[in-house]
Structures are given as C-alpha cells and as structure tokens.
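The data block below is start_5.cif; it holds mmCIF, C-alpha atoms (C1' of nucleotides).
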```cif
data_entry
loop_
_atom_site.label_atom_id
_atom_site.label_comp_id
_atom_site.auth_asym_id
_atom_site.auth_seq_id
_atom_site.Cartn_x
_atom_site.Cartn_y
_atom_site.Cartn_z
CA MET A 22 70.06 -72.77 -10.89
CA ALA A 23 68.77 -69.78 -12.71
CA ASP A 24 71.62 -69.00 -15.05
CA VAL A 25 71.51 -71.94 -17.40
CA LYS A 26 71.81 -69.90 -20.53
CA SER A 27 75.06 -71.22 -21.93
CA ALA A 28 75.26 -71.90 -25.66
CA ASN A 29 74.55 -75.56 -25.07
CA PRO A 30 72.94 -76.17 -21.71
CA LEU A 31 72.99 -79.60 -20.13
CA PHE A 32 69.43 -80.42 -21.06
CA LEU A 33 70.26 -80.09 -24.76
CA ARG A 34 72.94 -82.75 -24.73
CA GLU A 35 72.72 -85.66 -27.13
CA ASP A 36 71.75 -88.20 -24.50
CA GLU A 37 69.13 -85.93 -22.97
CA LEU A 38 67.45 -85.55 -26.33
CA ARG A 39 67.65 -89.28 -26.97
CA GLN A 40 66.11 -89.93 -23.62
CA ALA A 41 63.21 -87.67 -24.57
CA ILE A 42 62.64 -89.70 -27.72
CA GLU A 43 62.42 -92.86 -25.69
CA LEU A 44 60.27 -91.30 -22.98
CA LEU A 45 57.78 -90.34 -25.64
CA PHE A 46 57.86 -93.80 -27.20
CA PHE A 47 57.33 -95.73 -23.99
CA GLY A 48 55.06 -93.12 -22.48
CA TYR A 49 52.69 -93.04 -25.41
CA ARG A 50 52.70 -96.81 -25.70
CA ASP A 51 51.64 -97.30 -22.09
CA PHE A 52 49.31 -94.32 -22.08
CA THR A 53 47.30 -95.77 -24.95
CA GLY A 54 47.60 -99.31 -23.63
CA ASP A 55 44.93 -98.83 -20.96
CA ALA A 56 42.27 -97.76 -23.41
CA ASP A 57 43.33 -100.35 -25.98
CA ARG A 58 42.41 -103.12 -23.57
CA ILE A 59 38.91 -101.72 -23.01
CA LEU A 60 38.39 -101.09 -26.72
CA ALA A 61 39.30 -104.68 -27.49
CA GLU A 62 36.34 -105.84 -25.39
CA TYR A 63 34.06 -103.93 -27.72
CA GLY A 64 35.86 -105.03 -30.87
CA PHE A 65 37.03 -101.48 -31.41
CA GLY A 66 40.45 -100.03 -32.09
CA ARG A 67 42.29 -96.82 -31.51
CA ALA A 68 40.56 -95.21 -34.46
CA HIS A 69 37.20 -95.67 -32.77
CA HIS A 70 38.58 -94.19 -29.61
CA ARG A 71 39.73 -91.03 -31.35
CA VAL A 72 36.31 -90.55 -32.90
CA ILE A 73 34.53 -91.16 -29.62
CA TYR A 74 36.86 -88.85 -27.79
CA PHE A 75 36.62 -85.87 -30.11
CA VAL A 76 32.91 -86.21 -30.73
CA GLY A 77 32.38 -86.37 -27.00
CA ARG A 78 34.54 -83.32 -26.55
CA HIS A 79 32.81 -81.29 -29.27
CA PRO A 80 29.18 -82.39 -29.49
CA GLY A 81 27.45 -81.29 -32.67
CA MET A 82 30.70 -81.34 -34.64
CA PRO A 83 30.27 -81.81 -38.38
CA VAL A 84 32.10 -84.60 -40.15
CA SER A 85 34.41 -82.20 -41.98
CA GLN A 86 35.77 -80.84 -38.74
CA LEU A 87 36.40 -84.28 -37.33
CA LEU A 88 38.33 -85.12 -40.49
CA ALA A 89 40.46 -82.01 -40.07
CA ILE A 90 41.35 -82.91 -36.50
CA LEU A 91 42.12 -86.54 -37.19
CA ARG A 92 43.89 -85.85 -40.47
CA ILE A 93 42.58 -88.95 -42.16
CA THR A 94 40.52 -89.36 -45.33
CA LYS A 95 36.76 -89.51 -45.26
CA GLN A 96 36.96 -93.07 -46.57
CA SER A 97 39.01 -94.08 -43.57
CA LEU A 98 36.71 -92.29 -41.19
CA SER A 99 33.67 -93.72 -42.92
CA ARG A 100 34.29 -97.31 -41.89
CA VAL A 101 34.97 -96.47 -38.28
CA LEU A 102 32.21 -93.90 -37.94
CA GLY A 103 29.79 -96.19 -39.75
CA GLN A 104 30.39 -98.90 -37.18
CA LEU A 105 29.96 -96.53 -34.27
CA VAL A 106 26.68 -95.26 -35.71
CA ALA A 107 25.44 -98.76 -36.58
CA GLU A 108 26.17 -99.99 -33.06
CA GLY A 109 24.56 -96.98 -31.46
CA PHE A 110 27.53 -95.18 -29.94
CA VAL A 111 27.34 -92.12 -32.16
CA GLN A 112 24.30 -90.30 -33.49
CA GLN A 113 24.08 -88.17 -36.62
CA THR A 114 21.60 -85.34 -37.04
CA ARG A 115 21.22 -83.08 -40.03
CA GLY A 116 22.40 -79.54 -39.50
CA THR A 117 19.68 -76.93 -39.25
CA VAL A 118 21.61 -73.99 -40.67
CA ASP A 119 23.33 -76.14 -43.29
CA ARG A 120 21.30 -79.24 -44.02
CA ARG A 121 24.17 -80.89 -45.87
CA GLN A 122 26.03 -81.36 -42.62
CA ARG A 123 25.78 -84.41 -40.45
CA LEU A 124 26.33 -83.19 -36.92
CA LEU A 125 27.88 -85.80 -34.68
CA GLU A 126 27.17 -86.49 -31.04
CA LEU A 127 27.47 -89.37 -28.63
CA THR A 128 24.46 -91.39 -27.54
CA ASP A 129 24.11 -92.34 -23.88
CA LYS A 130 25.82 -95.61 -24.75
CA GLY A 131 28.59 -93.67 -26.47
CA ARG A 132 29.00 -91.32 -23.54
CA GLU A 133 29.29 -94.28 -21.21
CA LEU A 134 32.09 -95.81 -23.27
CA GLU A 135 33.80 -92.45 -23.59
CA ARG A 136 33.69 -92.07 -19.85
CA LYS A 137 35.23 -95.50 -19.29
CA LEU A 138 38.02 -94.86 -21.77
CA THR A 139 38.82 -91.40 -20.56
CA GLU A 140 38.66 -92.55 -16.97
CA VAL A 141 41.56 -94.98 -17.17
CA GLN A 142 43.68 -92.46 -19.01
CA LYS A 143 42.87 -89.73 -16.54
CA GLN A 144 43.81 -92.05 -13.71
CA ARG A 145 47.20 -92.79 -15.20
CA ILE A 146 47.83 -89.12 -15.73
CA ALA A 147 46.54 -88.14 -12.32
CA ARG A 148 48.88 -90.62 -10.68
CA ALA A 149 51.88 -89.30 -12.61
CA TYR A 150 50.82 -85.71 -11.90
CA ARG A 151 50.36 -86.36 -8.22
CA GLU A 152 53.74 -88.02 -7.87
CA ALA A 153 55.44 -85.27 -9.85
CA GLY A 154 53.86 -82.22 -8.25
CA ALA A 155 52.51 -78.94 -9.57
CA GLU A 156 55.76 -77.50 -10.85
CA ALA A 157 56.68 -80.61 -12.80
CA VAL A 158 53.19 -80.66 -14.30
CA ALA A 159 53.61 -77.10 -15.52
CA GLY A 160 56.91 -78.05 -17.13
CA PHE A 161 55.40 -81.13 -18.70
CA ARG A 162 52.68 -79.07 -20.32
CA THR A 163 55.05 -76.38 -21.52
CA VAL A 164 57.40 -78.82 -23.22
CA LEU A 165 54.66 -80.96 -24.73
CA ARG A 166 52.90 -77.91 -26.08
CA GLY A 167 56.19 -76.86 -27.64
CA LEU A 168 56.44 -80.18 -29.46
CA ILE A 169 53.14 -79.55 -31.24
CA ASP A 170 53.06 -77.88 -34.66
CA ALA A 171 52.01 -74.27 -34.46
CA PRO A 172 48.52 -74.63 -35.99
CA ASP A 173 47.29 -77.01 -33.32
CA ARG A 174 49.32 -75.43 -30.56
CA ALA A 175 46.74 -72.68 -30.32
CA ARG A 176 44.37 -75.34 -29.10
CA PHE A 177 46.18 -75.21 -25.78
CA ASP A 178 46.35 -71.46 -25.37
CA ASP A 179 43.13 -69.83 -24.28
CA GLY A 180 39.83 -71.49 -23.53
CA GLU A 181 41.30 -74.72 -24.95
CA GLY A 182 38.89 -76.74 -26.98
CA ALA A 183 38.20 -74.12 -29.60
CA PRO A 184 38.37 -76.00 -32.88
CA SER A 185 41.27 -74.82 -34.96
CA PRO A 186 40.30 -72.50 -37.79
CA PRO A 187 39.82 -73.92 -41.26
CA GLY A 188 42.86 -74.11 -43.48
CA ARG A 189 45.14 -75.05 -40.65
CA ARG A 190 46.79 -77.60 -42.89
CA MET B 19 53.45 -71.86 -4.19
CA ALA B 20 54.86 -74.62 -2.02
CA ASP B 21 51.78 -75.77 -0.16
CA VAL B 22 49.65 -77.25 -2.90
CA LYS B 23 48.78 -80.35 -0.98
CA SER B 24 45.04 -80.06 -0.78
CA ALA B 25 42.99 -83.22 -1.41
CA ASN B 26 42.44 -82.18 -4.99
CA PRO B 27 45.00 -79.70 -6.23
CA LEU B 28 44.33 -77.56 -9.26
CA PHE B 29 46.44 -79.64 -11.59
CA LEU B 30 44.29 -82.70 -10.95
CA ARG B 31 41.08 -81.07 -12.13
CA GLU B 32 39.07 -82.76 -14.86
CA ASP B 33 39.99 -80.27 -17.55
CA GLU B 34 43.67 -80.39 -16.69
CA LEU B 35 43.68 -84.15 -17.10
CA ARG B 36 41.77 -83.90 -20.36
CA GLN B 37 44.23 -81.37 -21.62
CA ALA B 38 47.03 -83.80 -20.88
CA ILE B 39 45.28 -86.45 -22.96
CA GLU B 40 45.11 -84.08 -25.90
CA LEU B 41 48.65 -82.83 -25.45
CA LEU B 42 49.85 -86.40 -25.69
CA PHE B 43 47.72 -87.07 -28.75
CA PHE B 44 48.80 -84.02 -30.72
CA GLY B 45 52.33 -84.08 -29.36
CA TYR B 46 52.98 -87.65 -30.37
CA ARG B 47 51.36 -87.17 -33.76
CA ASP B 48 53.62 -84.25 -34.64
CA PHE B 49 56.67 -85.75 -32.97
CA THR B 50 56.45 -88.83 -35.19
CA GLY B 51 55.42 -86.81 -38.25
CA ASP B 52 58.95 -85.57 -38.99
CA ALA B 53 60.42 -89.03 -39.21
CA ASP B 54 57.39 -90.40 -41.06
CA ARG B 55 58.11 -88.07 -43.94
CA ILE B 56 61.72 -89.24 -44.23
CA LEU B 57 60.75 -92.88 -43.90
CA ALA B 58 58.25 -92.51 -46.73
CA GLU B 59 61.11 -91.59 -49.07
CA TYR B 60 62.65 -94.97 -48.36
CA GLY B 61 59.36 -96.83 -48.57
CA PHE B 62 59.56 -97.57 -44.87
CA GLY B 63 57.07 -97.11 -42.07
CA ARG B 64 57.13 -96.48 -38.37
CA ALA B 65 57.86 -100.13 -37.70
CA HIS B 66 61.12 -99.87 -39.59
CA HIS B 67 62.01 -96.78 -37.62
CA ARG B 68 61.54 -98.49 -34.31
CA VAL B 69 63.78 -101.35 -35.37
CA ILE B 70 66.46 -99.02 -36.69
CA TYR B 71 66.30 -96.89 -33.58
CA PHE B 72 66.62 -99.64 -31.02
CA VAL B 73 69.19 -101.64 -32.96
CA GLY B 74 71.21 -98.47 -33.33
CA ARG B 75 70.88 -97.81 -29.63
CA HIS B 76 71.82 -101.32 -28.59
CA PRO B 77 74.21 -102.81 -31.16
CA GLY B 78 74.58 -106.55 -30.91
CA MET B 79 71.07 -106.98 -29.53
CA PRO B 80 69.54 -110.39 -30.17
CA VAL B 81 66.18 -110.69 -31.90
CA SER B 82 64.44 -111.86 -28.74
CA GLN B 83 65.34 -108.69 -26.91
CA LEU B 84 64.13 -106.50 -29.71
CA LEU B 85 60.83 -108.37 -29.65
CA ALA B 86 60.53 -107.73 -25.93
CA ILE B 87 61.08 -104.01 -26.34
CA LEU B 88 58.74 -103.59 -29.27
CA ARG B 89 56.12 -105.94 -27.88
CA ILE B 90 55.19 -107.37 -31.23
CA THR B 91 55.24 -110.94 -32.49
CA LYS B 92 58.23 -112.39 -34.26
CA GLN B 93 56.11 -112.78 -37.39
CA SER B 94 55.46 -109.06 -37.41
CA LEU B 95 59.08 -108.24 -36.81
CA SER B 96 60.18 -110.75 -39.40
CA ARG B 97 58.79 -108.87 -42.38
CA VAL B 98 60.16 -105.53 -41.33
CA LEU B 99 63.54 -106.85 -40.20
CA GLY B 100 63.79 -108.98 -43.32
CA GLN B 101 63.37 -105.90 -45.49
CA LEU B 102 65.95 -103.95 -43.54
CA VAL B 103 68.46 -106.79 -43.83
CA ALA B 104 67.70 -107.36 -47.52
CA GLU B 105 68.19 -103.69 -48.28
CA GLY B 106 71.38 -103.50 -46.30
CA PHE B 107 70.36 -101.31 -43.36
CA VAL B 108 70.71 -103.98 -40.69
CA GLN B 109 73.25 -106.75 -40.40
CA GLN B 110 72.83 -110.05 -38.59
CA THR B 111 75.73 -111.98 -37.11
CA ARG B 112 75.55 -115.26 -35.23
CA GLY B 113 76.22 -114.99 -31.55
CA THR B 114 79.51 -116.39 -30.36
CA VAL B 115 78.49 -117.47 -26.88
CA ASP B 116 75.07 -118.68 -28.10
CA ARG B 117 75.19 -119.54 -31.76
CA ARG B 118 71.40 -119.70 -32.02
CA GLN B 119 71.17 -115.96 -31.60
CA ARG B 120 71.20 -113.52 -34.47
CA LEU B 121 72.82 -110.40 -33.12
CA LEU B 122 71.59 -107.26 -34.79
CA GLU B 123 73.52 -104.16 -35.71
CA LEU B 124 73.26 -101.32 -38.17
CA THR B 125 75.38 -101.15 -41.29
CA ASP B 126 76.95 -97.83 -42.28
CA LYS B 127 73.90 -97.26 -44.49
CA GLY B 128 71.65 -98.05 -41.54
CA ARG B 129 73.55 -95.76 -39.22
CA GLU B 130 73.20 -92.96 -41.75
CA LEU B 131 69.42 -93.37 -41.90
CA GLU B 132 69.23 -93.66 -38.15
CA ARG B 133 71.13 -90.42 -37.84
CA LYS B 134 68.79 -88.62 -40.24
CA LEU B 135 65.70 -89.85 -38.46
CA THR B 136 66.94 -89.12 -34.99
CA GLU B 137 68.22 -85.76 -36.09
CA VAL B 138 64.82 -84.30 -36.99
CA GLN B 139 63.32 -85.61 -33.80
CA LYS B 140 66.14 -84.26 -31.72
CA GLN B 141 65.73 -80.88 -33.36
CA ARG B 142 62.05 -80.73 -32.52
CA ILE B 143 62.74 -81.70 -28.94
CA ALA B 144 65.69 -79.33 -28.64
CA ARG B 145 63.54 -76.44 -29.80
CA ALA B 146 60.81 -77.24 -27.32
CA TYR B 147 63.37 -77.77 -24.56
CA ARG B 148 65.13 -74.49 -25.32
CA GLU B 149 61.90 -72.54 -25.32
CA ALA B 150 60.74 -74.18 -22.14
CA GLY B 151 63.90 -73.97 -20.08
CA ALA B 152 65.71 -76.34 -17.75
CA GLU B 153 63.11 -76.48 -15.03
CA ALA B 154 60.28 -77.25 -17.41
CA VAL B 155 62.40 -79.95 -18.99
CA ALA B 156 62.93 -81.57 -15.62
CA GLY B 157 59.19 -81.54 -15.03
CA PHE B 158 58.49 -82.95 -18.46
CA ARG B 159 60.77 -85.88 -17.82
CA THR B 160 59.41 -86.54 -14.36
CA VAL B 161 55.81 -86.65 -15.51
CA LEU B 162 56.49 -88.67 -18.64
CA ARG B 163 58.52 -91.16 -16.68
CA GLY B 164 55.59 -91.49 -14.30
CA LEU B 165 53.29 -92.37 -17.17
CA ILE B 166 55.39 -95.39 -18.07
CA ASP B 167 54.61 -98.80 -16.62
CA ALA B 168 56.97 -99.79 -13.84
CA PRO B 169 58.95 -102.46 -15.74
CA ASP B 170 60.17 -100.05 -18.40
CA ARG B 171 60.40 -97.09 -16.08
CA ALA B 172 63.67 -98.45 -14.76
CA ARG B 173 65.07 -97.77 -18.20
CA PHE B 174 65.14 -94.11 -17.24
CA ASP B 175 66.65 -94.44 -13.80
CA ASP B 176 70.35 -95.09 -13.74
CA GLY B 177 72.68 -95.50 -16.68
CA GLU B 178 69.63 -95.53 -18.90
CA GLY B 179 69.92 -97.94 -21.74
CA ALA B 180 70.29 -101.04 -19.67
CA PRO B 181 68.00 -103.54 -21.33
CA SER B 182 65.11 -104.39 -19.06
CA PRO B 183 65.54 -107.72 -17.30
CA PRO B 184 63.85 -110.78 -18.76
CA GLY B 185 60.35 -111.48 -17.59
CA ARG B 186 59.33 -107.87 -17.55
CA ARG B 187 56.10 -108.73 -19.24
"C1'" DC C 19 69.94 -138.13 -25.43
"C1'" DA C 20 65.75 -135.35 -24.32
"C1'" DG C 21 63.85 -131.19 -23.85
"C1'" DA C 22 63.93 -126.27 -23.94
"C1'" DT C 23 65.21 -122.14 -26.42
"C1'" DA C 24 66.18 -118.80 -30.40
"C1'" DT C 25 64.95 -117.98 -34.65
"C1'" DG C 26 62.58 -118.44 -38.99
"C1'" DT C 27 58.67 -119.37 -42.07
"C1'" DC C 28 53.97 -120.42 -44.07
"C1'" DA C 29 49.19 -119.27 -43.99
"C1'" DA C 30 45.19 -116.87 -42.79
"C1'" DT C 31 43.01 -112.82 -40.78
"C1'" DA C 32 42.09 -108.00 -38.89
"C1'" DT C 33 42.70 -103.07 -38.61
"C1'" DG C 34 43.43 -98.75 -40.25
"C1'" DG C 35 45.37 -96.15 -43.36
"C1'" DC C 36 45.50 -94.67 -48.63
"C1'" DT C 37 43.95 -93.25 -53.82
"C1'" DG C 38 40.59 -92.82 -57.37
"C1'" DA C 39 36.02 -92.58 -59.10
"C1'" DC C 40 31.38 -91.61 -58.75
"C1'" DG C 41 26.78 -90.03 -56.70
"C1'" DT C 42 23.56 -87.00 -54.26
"C1'" DA C 43 21.75 -83.27 -51.84
"C1'" DA C 44 22.08 -78.70 -50.53
"C1'" DA C 45 24.19 -74.25 -50.53
"C1'" DA C 46 26.31 -70.49 -52.90
"C1'" DT C 47 27.14 -67.89 -56.88
"C1'" DC C 48 26.65 -65.90 -61.38
"C1'" DG D 26 17.13 -70.12 -62.44
"C1'" DA D 27 21.05 -72.52 -64.00
"C1'" DT D 28 25.61 -73.60 -62.66
"C1'" DT D 29 29.12 -74.52 -59.60
"C1'" DT D 30 30.81 -75.66 -55.27
"C1'" DT D 31 30.49 -77.97 -50.91
"C1'" DA D 32 29.47 -81.76 -47.49
"C1'" DC D 33 28.95 -86.17 -47.27
"C1'" DG D 34 28.69 -90.99 -48.64
"C1'" DT D 35 30.10 -95.20 -51.05
"C1'" DC D 36 32.37 -98.69 -54.05
"C1'" DA D 37 36.63 -100.85 -55.22
"C1'" DG D 38 41.28 -101.89 -54.70
"C1'" DC D 39 45.80 -101.41 -52.47
"C1'" DC D 40 49.31 -101.17 -48.65
"C1'" DA D 41 51.35 -101.47 -43.94
"C1'" DT D 42 51.23 -103.38 -39.64
"C1'" DA D 43 49.65 -106.15 -36.52
"C1'" DT D 44 47.57 -110.78 -34.95
"C1'" DT D 45 47.13 -116.31 -34.14
"C1'" DG D 46 48.46 -120.93 -35.08
"C1'" DA D 47 51.35 -124.47 -36.85
"C1'" DC D 48 55.59 -126.23 -37.98
"C1'" DA D 49 60.93 -126.47 -38.93
"C1'" DT D 50 65.74 -126.10 -37.64
"C1'" DA D 51 69.69 -125.35 -35.12
"C1'" DT D 52 71.65 -125.07 -30.80
"C1'" DC D 53 72.04 -125.09 -25.93
"C1'" DT D 54 71.27 -127.40 -21.36
"C1'" DG D 55 70.33 -130.79 -17.95
#
```

Could you write out this file's structure as structure tokens?
Amino acid sequence: MADVKSANPLFLREDELRQAIELLFFGYRDFTGDADRILAEYGFGRAHHRVIYFVGRHPGMPVSQLLAILRITKQSLSRVLGQLVAEGFVQQTRGTVDRRQRLLELTDKGRELERKLTEVQKQRIARAYREAGAEAVAGFRTVLRGLIDAPDRARFDDGEGAPSPPGRR
Amino acid sequence: MADVKSANPLFLREDELRQAIELLFFGYRDFTGDADRILAEYGFGRAHHRVIYFVGRHPGMPVSQLLAILRITKQSLSRVLGQLVAEGFVQQTRGTVDRRQRLLELTDKGRELERKLTEVQKQRIARAYREAGAEAVAGFRTVLRGLIDAPDRARFDDGEGAPSPPGRR
DNA sequence: CAGATATGTCAATATGGCTGACGTAAAATC
DNA sequence: GATTTTACGTCAGCCATATTGACATATCTG
C-alpha cells in the first residue's frame, strides 16, 4: 500500500473526484447548519457569523483587514457590521498609531455568542475527528489545505492565524 | 503512533478544531470559486450549478427529489429551474408511471455546461489529492463523511448515488 | 368520488451580495 | 504647508437567492 504511484491512481478516478465534490457540498451544508440555527434566534445570518468569528479570532483587527479576509465590499460589510455594533456584539475603537482606523473587537456579549457558535461547530468536528482517528485527521487537513488557493494556504502553515500579507488578491 | 487513545488526544485540542473550521471556510470558498467564475459568464449562480449538477448525476429525477436534496422550497427552485428549462439546459418530461411528475434531465447543452463546471472542480480536487497521496485522501473522505448528518451520510456508503429514502428530513 | 400528492404560480419579504458616487478625517508625500 | 492618498462611512439602487403563505391544476389512490 505504499507504491500507489501509477499514472492514474485509484483515488484520481472520475467517481472518486465526483464523490469529493458531493462530500464537500453535503459536508459544508451540515457543518454550517448548526450555527445557522443559533444565528436565526438572534436574527443574524451567516455574514454576521463570519464577522464575529474573525473579529473574535483577531481582536483589534482594522476594518480593511476584515474586508480582505471576507472578500466582500465595504458596503456589504457595513450593513452587517453596523448591526453588530448597534446591538452591542462588536466594539470599535480608534487606532492609536493610525487614528483613521477603526479597530474591531468583540464585547462580552459578542464573545458569548462567538463561543456558542464555535462550540457547536467544534463539537461536530470533534465527533468526526474522534471517529476517524489521528491519521485520518492528518489526511483531512492535508487535502483541505491543498484545496485552498495559495495566498490563503499560508494561513495554515506556521503559527496559523497570521493575517495574510496585503496584496494577497 | 498507534496508541493515541488518551482522553483528549492532540487532534482534539481547541486550536486543532478551530483550524478545521477555517480550513472548511477557506476550502469551500475556493472550491466553489472556480465554478462561480464560469457560471457568471452564463449569467447563472450557484443555485443553477446545484441543479445542473444533481440533475446530471441523477437523470430522470423528479422535481420532488431534487427539492429534498437541495433543501430549498419549490418556489426557490422554480425560478432557477424555469430559467434552465427556458434556456435549454434542462429538459422536463412527464413521468410514465406517474404522469404528475416532471422528470428532469440535461439537454446536450446542459451536459456540456455540467462537464465544464465539474471539470474545473475535479481538477482542483485531483491536484490536492495527488499532492496529498492515497492515505491522506482516505482520511479526508472519512472525516468529511463524519461531518455529514446521518441521513445523507448513507449516500457515501455503498453504491453511492442511491437517492436517500423519503422522509430523511 | 374524495382526498392526497406532484407540480406550478402569484405575491410579499428578507438577506447578502454588488456598483457607483460622494464625504470626511487623518496620514503621507511633495 | 498644500496636496494627495488612505481608511472608513454612507446613500441609493440593483441583483440573486432564499423564505412564507395562498391558491390552482392534474393525477393518483383508497
């Protein structure tokens, strides 16, 4: 089982690749489904979740960087971020080194919601990880990382979490 | 490397689980990005892709079954499916055993688009698979399958492609 | 025949994207 | 110090995709 280096190994067959497409479709649908249900209770959507997640992950992040990660326009972000600020989930403070910047961070209320959302997703992943075992998990990460475009792939190299450099897209 | 059965193995640590969340976010975004670009040329969106994909995969599928897979309302499907039929990508024929049913299938034009869309996605997956190797691929599939809710998980067991039984949701 | 089912359609609404235009404050540059 | 660039915000309008609810029609089933 170590010499699978033929020109067209089994795992590159048509139906294997198709299966991957469907695994990603169903997997992502169910993976996001957990959080969607919680968000609905708050009148929020997936867009709010992404903001809450990344702000929670990188406290003090300026708006421009959040835009770069999410790859949406500032007008689109504005509505969502505005709601989160208005309802007290996200807090904006002026930057000290560059006073034009609005640095974003979660409030206690925001952190609580972030925790709830991340919790259900972590549980789903933990269950799948546990059932699959360490080796399968390593494979999962390798393949998924390989599906990501090079610029953002670096995010999963080293310390993981380092914001990608400007001009990545 | 065979006795990782402690109460809380390394791969279940907080940061490992968080990394999985981000891998899925970035991975799915880039995975769908390829097809999105092609679809835009046709004035279609992701919704059209899903219809084309599943109809192509299961020719002769009735509308009700497509609704069950996509988990959207018939009103939502109606607009998208209507466009695809109007523009000659999908063809509807009355069922013979049950004449109330509209059985869906791709036209030649539809099959051609399906092929183009699936092709770019297969290429991305094939590259990641090739770089990762057979064992990693096996792990990827095991974990991803574990992320899927039980009803649809069966889709990836046996012959794979068997439509899930009625009442799955 | 009565009722359930498969499909379609009309209308109204929400969410989350987009482009374009314009404004303001602060930093950076000449 | 004046000018230009940057970071951010906002107004206005558009599009795609989803929702709920109500109703219509044809067909199947008991």

Residues within 12 Å of DG26 of chain C, all atoms listed in the file, excluding chain neighbours under 2 positions, as a PyMOL selection string: (chain B and resi 81+92-97+99-100+118-120) or (chain C and resi 24+28) or (chain D and resi 48-51)

Could you give me the axis-aligned bounding box of segment 97-106 of chain B, with 6 Å of padding per side, as centre plus edge lengths in Å to one decimal, as AutoDock Vina command-line options?
```
--center_x 65.1 --center_y -106.2 --center_z -44.2 --size_x 24.6 --size_y 17.5 --size_z 20.1
```

Gln40 of chain A surroundings by only C-alpha atoms (C1' of nucleotides), 9 Å radius, close-in-sequence under 5 positions cut, as a PDB file with C-alpha atoms, keeping the file's coordinate frame:
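part13.pdb was written with the following content:
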```pdb
ATOM      1  CA  GLU A  35      72.720 -85.660 -27.130  1.00  0.00           C
ATOM      2  CA  LEU A  45      57.780 -90.340 -25.640  1.00  0.00           C
TER       3      LEU A  45
ATOM      4  CA  ARG B 159      60.770 -85.880 -17.820  1.00  0.00           C
ATOM      5  CA  PHE B 174      65.140 -94.110 -17.240  1.00  0.00           C
ATOM      6  CA  GLU B 178      69.630 -95.530 -18.900  1.00  0.00           C
TER       7      GLU B 178
END
```

Could you write out as a ChimeraX atom specification the residues that the PyMOL selection byres ((chain A and resi 135-140) around 10) matches in the shown file? /A:53,55-60,70-78,110,127,129-134,141-146 /B:35-36,39

Mind pulling up the distance from atom CA of Ile166 of chain B to atom CA of Asp51 of chain A?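 About the pair atom CA of Asp51 of chain A and atom CA of Ile166 of chain B: they are 5.8 Å apart.
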
On this file, the PyMOL selection byres ((chain C) within 7 of (chain A)) gives some set of residues; write that set as a compact mmCIF listing (two decimals) with C-alpha atoms (C1' of nucleotides), in the frame of the given file.
```txt
# COMPACT_ATOMS: atom_id res chain seq x y z
C1' DG C 35 45.37 -96.15 -43.36
C1' DA C 43 21.75 -83.27 -51.84
C1' DA C 44 22.08 -78.70 -50.53
```

Which residue, D:DT42, D:DT29, D:DT52, D:DT35, has the smallest gap to Arg112 of chain B when you use all atoms listed in the file? D:DT52

Calculate how many Å separate atom CA of Leu124 of chain A from atom CA of His69 of chain A, rounding to one decimal. 17.1 Å

Proximal residues of chain A relative to chain B (all atoms listed in the file; 9 Å) as a ChimeraX atom specification: /A:22-23,25-26,30-35,38-52,139,142-170,173-174,177,181-182

Separation of atom CA of Val108 of chain B from atom CA of Ser82 of chain B, in Å and rounded to one decimal: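 It comes out at 15.6 Å.
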
Under the rule that all atoms listed in the file are counted, which of D:DG46, D:DG26, D:DG55, D:DG34 is the nearest residue to chain A? D:DG34
